[in-house]
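What follows is a set of notes on a single structure, which appears directly below.
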Amino acid sequence: MMQAPDIGEVVLHHTADAWTIDFYPLGQIHLPRWEPVHMFGYPVNLSPTKHVVFMLLAAVLVFLTMWLAGRSLQRQRAHEKAPKGFAGLIESLVLFVRNDIVAANIGHGGEKFAPFVMTLFFFILYCNLLGMLPWGSSPTGNLAVTGALAIAAFLTIEISGFFKLGPVGYLHTIFPKVPGMGGTGALVMSVAMAPIEVLGKFVKPFALAVRLFGNMTAGHFVILSLFGIIFLFGELAIWNWAIGITTAALVLGIMLLELFVAFLQAYVFALLTSVFIGLMQHEH
Amino acid sequence: MHSFLLMVQEGAEAAQHAAGAPASPFEVNFGLFFWTWLVFGGLVLVLWKFAWPPILKATEERERKIKLQLEEAERLNAEAKASAEELRRQLAAAHEQASALLNEAKQAAHDERELAVKKTREEQDHLLDRARKEIQSEKERAIVSLRREAVDLSLAAASKLLEEEVDTEANRKLVTDYLANVPEMKH
């Protein structure tokens with residue numbers, strides 16, 4: 001009997017980051033390795049990984065999409081025509097993010113956050129979708145990437161809040177005003193609430209990072225695990241075709257779900273970032 | 001099939017362990033934070049500069065126009081309201097003025113009539129007075145002429161009586177009494 005493959009190990013390997021990009025069976029690209037640099041006493045390896053490459057690819061694709069759509073729209077407008085085709089689709093998507101995610105949730109003065117949130121949405125969307133291509137990989141299935149994006153969102157939320165509310169107003173987001181209380185009671189309550197408020201500030205980006213990472217990784221786990229069924233039960237001579245077809249059907253279903261999740265999670269990340277920015281902007 | 005998977009697995013594992021690569025998606029490579037910020041930050045800037053303006057230009061233009069039109073509409077509405085209020089105020093003022101004029105005219109007419117009535121009455125009184133005076137003087141004149149006539153008649157009667165029976169004592173007394181009474185009949 002042949003040795004059963006370790007499906008778990010394959011799944012983890014496939015979803016993990018790597019120093020190489022596999023194009024099996026065509027070959028493998030080895031990415032350059034750099035010596036770790038020391039930052040704040042910790043060694044940090046800045047060598048590009050598979051996820052860095054796909055992240056760059058996503059960024060280039062987002063830029064090309066937007067740039068070409070913009071050019072096409074300008075051409076169409078020059079002829080006084082309504083946007084159509086690919087450019088029309090992109091315009092409607094961009095306007096959806098701008099109007100229904102950013103403006104609707106940040107409210108008055110939200111337009112200035114639109115470039116940031118729109119970039120966030122399309123970058124995450126493209127990163128999610130790249131994981132669905134053959135040989136592809138989702139940079140958003142990496143906790144470091146989603147963490148870095150969440151930190152960017154966190155800084156945007158807090159810094160924009162600080163500038164909007166001023167030092168005193170911002171301090172009140174940590175030491176809240178207690179309605180209906182005065183004097184020492186209010187002070188005690190305010191100080192008692194401070195740890196919760198600070199925790200709340202950090203929980204938001206943490207949830208953003210883990211939600212995106214979890215959704216993207218879990219999708220890949222499910223797809224790979226279902227594929228694993230083929231290899232685990234492939235030896236059963238009678239049922240192997242049925243197993244193969246059933247598994248393929250299941251994987252197709254999950255793939256379609258993943259496609260939806262790719263859009264959904266990009267939407268959720270952009271939406272929640274907008275909501276948090278809006279909460280800080282209108283904190284009183 | 002089976003061997004293919006095993007081969008992939010073993011090959012990958014060998015390559016990874018040799019390179020010290022992360023073996024699971026739960027390992028966090030801090031280097032990727034910097035890569036993510038670099039790539040994402042770069043994308044934000046590049047899109048901001050080159051991609052969003054042409055896509056959003058038409059929309060922003062439209063929004064600006066709509067906003068301007070809304071403001072214009074609001075201004076016009078306020079103006080219309082103000083002018084309507086002004087008109088209403090003027091109308092009320094005109095109404096008041098008209099009713100004041102009417103009252104004044106009525107008063108004037110009333111005064112005029114009073115005056116006319118008074119004047120007429122005075123004139124009437126005056127005429128009446130004059131008529132009375134005239135009647136009085138006519139009466140006096142008539143009395144004077146009557147007295148003269150009466151004296152003449154008495155004289156004629158007396159002369160006739162004197163001619164016939166002056167000598168009787170009774171007649172003499174009659175004439176004398178009559179004549180004595182004449183001056184008293186003057187009034």
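Note on naming: chains are A, B, ... as they come in the structure tokens, residues start from 1 per chain, ligands start from 1 in the order shown.
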
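Every residue of chain B that lies within 6 Å of chain A is listed here, counting only C-alpha atoms: Ala21, Ala23, Ser24, Pro25, Val28, Gly31, Leu32, Phe33, Thr36, Val44, Ala51, Pro54 and Ile55 of chain B.
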
Residues flagged alpha helix (DSSP H) by DSSP in region 9-243 of chain A, as a ChimeraX atom specification: /A:9-15,50-78,85-95,104-106,114-130,143-172,183-233,240-243

Residues within 12 Å of Gly180 (chain A), only C-alpha atoms, excluding chain neighbours under 4 positions, as a PyMOL selection string: chain A and resi 185-186+189

Coordinates-based distance that separates CA of Gln69 (chain B) from CA of Ser83 (chain B) (Å, one decimal):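 If I compute the distance from CA of Ser83 (chain B) to CA of Gln69 (chain B), I get 20.7 Å.
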